Amino acid sequence: MTGSGEEAFEVHVSPEQPMVKHGGSQVINCSTNCTKPENGGLETSLDKIVLQDSPQWKLFMIFNVSQNSSMRCFFWCSRKQGSKSLNVGLYYPPKQVLLKLQPTRVAVGSPFTIECRVPSVAPLEGLTVTLLRGSEVLHSQTFEGTALSPQEAMVTYSAEAQLEDSSHNFSCQAKMDLRTRGVKVVDSVSDSQALEVFGEGEPPEEVEGDSSRFSPSEEEKAIALLSAGSGGGSHGPALVPRLPSSAVSSLELSPSSQSLCKTTGW
């Protein structure tokens, strides 16, 4: 800023467009080329402390940043004030990365889908989501957008299952690169998941449960024989094969079955 009839001077601020993690802190450097400034400071509604102080530059720290905010660095030189405004934006790093395989068991050559979600992240600018099979990159997508409100980023990728897919774990990596805004690279990785691939001609996985319910039990076989032997008809009673004594002694009958045995005399 130029003072009329006085020494011309400028005010500088660094970084010019700072990004601060929600709830975090940031160092702000205010400086001037005025050789003998009378005073200077940082105007802001945020909490701040002075880290270092000299006539031509001042180092501040703002902290507990919970909202986007504007502030102003200023200096007085020869009874004239010069200033420089800046805006502080919040960023929400990728804290959680969620991976989903659909389905988790698939035949060779059949399609499956990988879905990766990164909730509550902002801005999308500089966010890259990468889908991995082991260390191999299957798909990568870099997002755009400067909106500062948290939102969800999602990437889906479809492929045909190969037998070798069973030998690798699948994962998803989310990386936020805001180095141009004075922020270090932040990344996060999902839990790994496995895909089970079966070859052609192999049966699908059996339904969990007791397989004995699909075949007649020993009791049901015995009752069928007893029922056949107890029924009368024009051809006379049917012959009932005698069960081995070991089978009879180990066979536990239900009350209804015991009643049938008494009726038939077995």
# chains A, B, ... in the order shown; residues from 1 in each chain; ligands from 1
call {"tool": "select_by_dssp", "arguments": {"residues": "segment 135-195 of chain A", "states": "strand (DSSP E or B)", "output": "PyMOL selection string"}}
result
chain A and resi 136-142+151-160+169-176+186-189+193-194
call {"tool": "residues_around", "arguments": {"residues": "segment 154-163 of chain A", "least_positions_apart": "3", "cutoff": "6 Å", "atoms": "only C-alpha atoms", "output": "PyMOL selection string"}}
result
chain A and resi 108-117+197
call {"tool": "write_last_selection", "arguments": {"atoms": "N, CA, C and O atoms", "output": "short mmCIF file (atom, residue, chain, number, x, y, z; two decimals), in the first residue's frame"}}
result
data_model
loop_
_atom_site.label_atom_id
_atom_site.label_comp_id
_atom_site.auth_asym_id
_atom_site.auth_seq_id
_atom_site.Cartn_x
_atom_site.Cartn_y
_atom_site.Cartn_z
N VAL A 108 -15.14 -68.51 -12.26
CA VAL A 108 -14.18 -67.97 -13.22
C VAL A 108 -14.92 -67.39 -14.43
O VAL A 108 -15.84 -68.00 -14.97
N GLY A 109 -14.53 -66.18 -14.83
CA GLY A 109 -15.14 -65.54 -15.97
C GLY A 109 -16.40 -64.76 -15.67
O GLY A 109 -16.92 -64.06 -16.53
N SER A 110 -16.91 -64.89 -14.44
CA SER A 110 -18.12 -64.16 -14.06
C SER A 110 -17.75 -62.77 -13.54
O SER A 110 -16.67 -62.57 -12.99
N PRO A 111 -18.64 -61.81 -13.68
CA PRO A 111 -18.32 -60.44 -13.25
C PRO A 111 -18.42 -60.28 -11.73
O PRO A 111 -19.21 -60.95 -11.07
N PHE A 112 -17.62 -59.39 -11.23
CA PHE A 112 -17.73 -58.95 -9.84
C PHE A 112 -17.40 -57.47 -9.79
O PHE A 112 -16.80 -56.92 -10.72
N THR A 113 -17.82 -56.82 -8.72
CA THR A 113 -17.68 -55.36 -8.61
C THR A 113 -16.92 -55.00 -7.34
O THR A 113 -17.14 -55.60 -6.28
N ILE A 114 -16.03 -54.03 -7.47
CA ILE A 114 -15.30 -53.47 -6.32
C ILE A 114 -15.86 -52.07 -6.09
O ILE A 114 -15.88 -51.24 -7.00
N GLU A 115 -16.29 -51.82 -4.87
CA GLU A 115 -16.83 -50.50 -4.51
C GLU A 115 -16.01 -49.93 -3.36
O GLU A 115 -15.77 -50.61 -2.36
N CYS A 116 -15.59 -48.68 -3.50
CA CYS A 116 -14.82 -48.01 -2.45
C CYS A 116 -15.50 -46.69 -2.12
O CYS A 116 -15.77 -45.88 -3.01
N ARG A 117 -15.75 -46.47 -0.83
CA ARG A 117 -16.38 -45.23 -0.37
C ARG A 117 -15.48 -44.53 0.63
O ARG A 117 -14.89 -45.16 1.51
N VAL A 197 -12.65 -67.52 -5.81
CA VAL A 197 -12.98 -67.83 -7.20
C VAL A 197 -12.94 -69.34 -7.38
O VAL A 197 -11.95 -70.00 -7.02
#
call {"tool": "select_by_dssp", "arguments": {"residues": "segment 48-183 of chain A", "states": "helix (DSSP H, G or I)", "output": "PyMOL selection string"}}
result
chain A and resi 163-167+179-181
call {"tool": "atom_distance", "arguments": {"atom1": "atom CA of Trp76 of chain A", "atom2": "atom CA of Phe60 of chain A"}}
result
17.6 Å
call {"tool": "residues_around", "arguments": {"residues": "Tyr91 of chain A", "least_positions_apart": "6", "cutoff": "10 Å", "atoms": "only C-alpha atoms", "output": "PDB file with N, CA, C and O atoms, in the first residue's frame"}}
result
ATOM      1  N   MET A  19      -5.005 -23.888   4.206  1.00  0.00           N
ATOM      2  CA  MET A  19      -6.019 -24.894   4.486  1.00  0.00           C
ATOM      3  C   MET A  19      -5.672 -25.508   5.840  1.00  0.00           C
ATOM      4  O   MET A  19      -4.523 -25.886   6.094  1.00  0.00           O
ATOM      5  N   VAL A  20      -6.675 -25.622   6.696  1.00  0.00           N
ATOM      6  CA  VAL A  20      -6.454 -26.118   8.051  1.00  0.00           C
ATOM      7  C   VAL A  20      -7.381 -27.306   8.300  1.00  0.00           C
ATOM      8  O   VAL A  20      -8.575 -27.244   7.963  1.00  0.00           O
ATOM      9  N   LYS A  21      -6.831 -28.345   8.872  1.00  0.00           N
ATOM     10  CA  LYS A  21      -7.646 -29.499   9.246  1.00  0.00           C
ATOM     11  C   LYS A  21      -8.681 -29.077  10.282  1.00  0.00           C
ATOM     12  O   LYS A  21      -8.387 -28.276  11.175  1.00  0.00           O
ATOM     13  N   HIS A  22      -9.894 -29.598  10.154  1.00  0.00           N
ATOM     14  CA  HIS A  22     -10.962 -29.233  11.088  1.00  0.00           C
ATOM     15  C   HIS A  22     -10.509 -29.470  12.526  1.00  0.00           C
ATOM     16  O   HIS A  22     -10.091 -30.559  12.893  1.00  0.00           O
ATOM     17  N   GLY A  23     -10.554 -28.396  13.341  1.00  0.00           N
ATOM     18  CA  GLY A  23     -10.106 -28.481  14.726  1.00  0.00           C
ATOM     19  C   GLY A  23      -8.613 -28.305  14.905  1.00  0.00           C
ATOM     20  O   GLY A  23      -8.110 -28.372  16.031  1.00  0.00           O
ATOM     21  N   GLY A  24      -7.889 -28.048  13.809  1.00  0.00           N
ATOM     22  CA  GLY A  24      -6.438 -27.965  13.857  1.00  0.00           C
ATOM     23  C   GLY A  24      -5.910 -26.554  14.013  1.00  0.00           C
ATOM     24  O   GLY A  24      -6.622 -25.618  14.392  1.00  0.00           O
ATOM     25  N   GLN A  67     -14.175 -23.457  11.539  1.00  0.00           N
ATOM     26  CA  GLN A  67     -14.989 -22.906  10.461  1.00  0.00           C
ATOM     27  C   GLN A  67     -14.098 -22.121   9.500  1.00  0.00           C
ATOM     28  O   GLN A  67     -12.996 -21.697   9.858  1.00  0.00           O
ATOM     29  N   ASN A  68     -14.580 -21.969   8.277  1.00  0.00           N
ATOM     30  CA  ASN A  68     -13.873 -21.127   7.316  1.00  0.00           C
ATOM     31  C   ASN A  68     -13.892 -19.686   7.817  1.00  0.00           C
ATOM     32  O   ASN A  68     -14.897 -19.224   8.361  1.00  0.00           O
ATOM     33  N   VAL A 121     -15.314 -36.219   3.433  1.00  0.00           N
ATOM     34  CA  VAL A 121     -14.024 -35.701   2.999  1.00  0.00           C
ATOM     35  C   VAL A 121     -14.244 -34.400   2.237  1.00  0.00           C
ATOM     36  O   VAL A 121     -15.244 -34.226   1.549  1.00  0.00           O
ATOM     37  N   ALA A 122     -13.317 -33.442   2.401  1.00  0.00           N
ATOM     38  CA  ALA A 122     -13.407 -32.154   1.691  1.00  0.00           C
ATOM     39  C   ALA A 122     -12.050 -31.457   1.761  1.00  0.00           C
ATOM     40  O   ALA A 122     -11.321 -31.612   2.740  1.00  0.00           O
ATOM     41  N   PRO A 123     -11.710 -30.688   0.720  1.00  0.00           N
ATOM     42  CA  PRO A 123     -12.418 -30.637  -0.556  1.00  0.00           C
ATOM     43  C   PRO A 123     -12.077 -31.859  -1.403  1.00  0.00           C
ATOM     44  O   PRO A 123     -11.112 -32.574  -1.096  1.00  0.00           O
ATOM     45  N   LEU A 124     -12.852 -32.100  -2.464  1.00  0.00           N
ATOM     46  CA  LEU A 124     -12.537 -33.222  -3.349  1.00  0.00           C
ATOM     47  C   LEU A 124     -11.303 -32.928  -4.193  1.00  0.00           C
ATOM     48  O   LEU A 124     -10.660 -33.851  -4.700  1.00  0.00           O
ATOM     49  N   ALA A 147     -15.651 -27.383  -3.279  1.00  0.00           N
ATOM     50  CA  ALA A 147     -16.615 -27.217  -2.182  1.00  0.00           C
ATOM     51  C   ALA A 147     -15.960 -27.626  -0.870  1.00  0.00           C
ATOM     52  O   ALA A 147     -15.287 -28.659  -0.783  1.00  0.00           O
ATOM     53  N   LEU A 148     -16.149 -26.805   0.164  1.00  0.00           N
ATOM     54  CA  LEU A 148     -15.487 -27.048   1.438  1.00  0.00           C
ATOM     55  C   LEU A 148     -16.344 -27.825   2.425  1.00  0.00           C
ATOM     56  O   LEU A 148     -15.878 -28.150   3.524  1.00  0.00           O
ATOM     57  N   SER A 149     -17.580 -28.138   2.054  1.00  0.00           N
ATOM     58  CA  SER A 149     -18.428 -28.927   2.953  1.00  0.00           C
ATOM     59  C   SER A 149     -18.116 -30.410   2.767  1.00  0.00           C
ATOM     60  O   SER A 149     -17.893 -30.870   1.644  1.00  0.00           O
ATOM     61  N   PRO A 150     -18.092 -31.189   3.857  1.00  0.00           N
ATOM     62  CA  PRO A 150     -17.752 -32.616   3.761  1.00  0.00           C
ATOM     63  C   PRO A 150     -18.763 -33.377   2.899  1.00  0.00           C
ATOM     64  O   PRO A 150     -19.962 -33.129   2.974  1.00  0.00           O
ATOM     65  N   MET A 176      -5.088 -37.627  -0.231  1.00  0.00           N
ATOM     66  CA  MET A 176      -5.405 -36.210  -0.424  1.00  0.00           C
ATOM     67  C   MET A 176      -4.099 -35.428  -0.532  1.00  0.00           C
ATOM     68  O   MET A 176      -3.281 -35.438   0.390  1.00  0.00           O
ATOM     69  N   LEU A 178      -2.849 -31.780  -0.980  1.00  0.00           N
ATOM     70  CA  LEU A 178      -3.117 -30.336  -0.957  1.00  0.00           C
ATOM     71  C   LEU A 178      -1.827 -29.555  -0.702  1.00  0.00           C
ATOM     72  O   LEU A 178      -1.834 -28.520  -0.038  1.00  0.00           O
ATOM     73  N   VAL A 183      -0.543 -27.969   2.682  1.00  0.00           N
ATOM     74  CA  VAL A 183      -0.912 -29.123   3.503  1.00  0.00           C
ATOM     75  C   VAL A 183      -0.120 -30.337   3.051  1.00  0.00           C
ATOM     76  O   VAL A 183       0.040 -30.589   1.852  1.00  0.00           O
TER      77      VAL A 183
END
call {"tool": "residues_around", "arguments": {"residues": "Glu43 of chain A", "least_positions_apart": "3", "cutoff": "7 Å", "atoms": "only C-alpha atoms", "output": "mmCIF file with C-alpha atoms, in the first residue's frame"}}
result
data_model
loop_
_atom_site.group_PDB
_atom_site.id
_atom_site.type_symbol
_atom_site.label_atom_id
_atom_site.label_comp_id
_atom_site.auth_asym_id
_atom_site.auth_seq_id
_atom_site.Cartn_x
_atom_site.Cartn_y
_atom_site.Cartn_z
ATOM 1 C CA MET A 71 -8.432 -12.492 8.565
ATOM 2 C CA ARG A 72 -6.156 -9.546 7.911
ATOM 3 C CA CYS A 73 -2.460 -8.826 8.428
#
call {"tool": "atom_distance", "arguments": {"atom1": "atom CA of Val11 of chain A", "atom2": "atom CA of Thr180 of chain A"}}
result
21.5 Å
call {"tool": "atom_distance", "arguments": {"atom1": "atom CA of Arg179 of chain A", "atom2": "atom CA of Leu98 of chain A"}}
result
24.9 Å
call {"tool": "residues_around", "arguments": {"residues": "Cys30 of chain A", "least_positions_apart": "4", "cutoff": "8 Å", "atoms": "only C-alpha atoms", "output": "list in words"}}
result
Val11, His12, Val13, Ser14, Gly41, Leu42, Trp57, Lys58, Leu59, Phe60, Cys73 and Phe74 of chain A
call {"tool": "residues_around", "arguments": {"residues": "Glu38 of chain A", "least_positions_apart": "2", "cutoff": "12 Å", "atoms": "only C-alpha atoms", "output": "PyMOL selection string"}}
result
chain A and resi 32+34-36+40-41+54-57+74-82
call {"tool": "write_last_selection", "arguments": {"atoms": "N, CA and C atoms", "output": "short mmCIF file (atom, residue, chain, number, x, y, z; two decimals), in the first residue's frame"}}
result
data_model
loop_
_atom_site.label_atom_id
_atom_site.label_comp_id
_atom_site.auth_asym_id
_atom_site.auth_seq_id
_atom_site.Cartn_x
_atom_site.Cartn_y
_atom_site.Cartn_z
N THR A 32 6.31 -7.02 6.31
CA THR A 32 6.23 -5.78 5.54
C THR A 32 7.62 -5.36 5.09
N CYS A 34 8.31 -2.17 4.97
CA CYS A 34 8.55 -0.88 5.64
C CYS A 34 9.77 -1.02 6.54
N THR A 35 10.69 -0.10 6.43
CA THR A 35 11.94 -0.22 7.19
C THR A 35 11.74 0.01 8.68
N LYS A 36 10.82 0.88 9.03
CA LYS A 36 10.58 1.17 10.44
C LYS A 36 9.07 1.21 10.73
N GLY A 40 2.06 -3.54 14.08
CA GLY A 40 1.52 -4.53 13.16
C GLY A 40 0.80 -5.62 13.93
N GLY A 41 0.03 -6.41 13.20
CA GLY A 41 -0.69 -7.49 13.88
C GLY A 41 -1.55 -8.30 12.93
N SER A 54 8.98 -9.36 15.54
CA SER A 54 10.07 -8.45 15.19
C SER A 54 9.45 -7.23 14.51
N PRO A 55 10.18 -6.15 14.31
CA PRO A 55 9.57 -4.95 13.74
C PRO A 55 8.95 -5.18 12.35
N GLN A 56 9.61 -5.98 11.49
CA GLN A 56 9.14 -6.13 10.11
C GLN A 56 8.36 -7.41 9.85
N TRP A 57 8.29 -8.31 10.78
CA TRP A 57 7.48 -9.52 10.58
C TRP A 57 7.02 -10.07 11.93
N PHE A 74 -1.80 -6.57 9.12
CA PHE A 74 -1.69 -5.12 8.92
C PHE A 74 -0.40 -4.60 9.57
N PHE A 75 0.09 -3.48 9.04
CA PHE A 75 1.21 -2.76 9.62
C PHE A 75 0.95 -1.27 9.45
N TRP A 76 1.50 -0.49 10.40
CA TRP A 76 1.49 0.97 10.30
C TRP A 76 2.90 1.43 9.93
N CYS A 77 2.95 2.31 8.94
CA CYS A 77 4.24 2.84 8.52
C CYS A 77 4.06 4.32 8.19
N SER A 78 4.79 5.16 8.88
CA SER A 78 4.68 6.61 8.71
C SER A 78 3.23 7.05 8.86
N ARG A 79 2.60 6.50 9.88
CA ARG A 79 1.23 6.83 10.26
C ARG A 79 0.19 6.47 9.19
N LYS A 80 0.60 5.56 8.28
CA LYS A 80 -0.32 5.02 7.29
C LYS A 80 -0.42 3.51 7.50
N GLN A 81 -1.62 3.00 7.29
CA GLN A 81 -1.81 1.56 7.49
C GLN A 81 -1.86 0.83 6.16
N GLY A 82 -1.14 -0.27 6.11
CA GLY A 82 -1.23 -1.18 4.97
C GLY A 82 -1.71 -2.53 5.48
#
call {"tool": "closest_residue", "arguments": {"among": "A:Ser45, A:Leu127, A:Ala8, A:Glu16", "to": "Asn33 of chain A", "atoms": "only C-alpha atoms"}}
result
A:Ala8
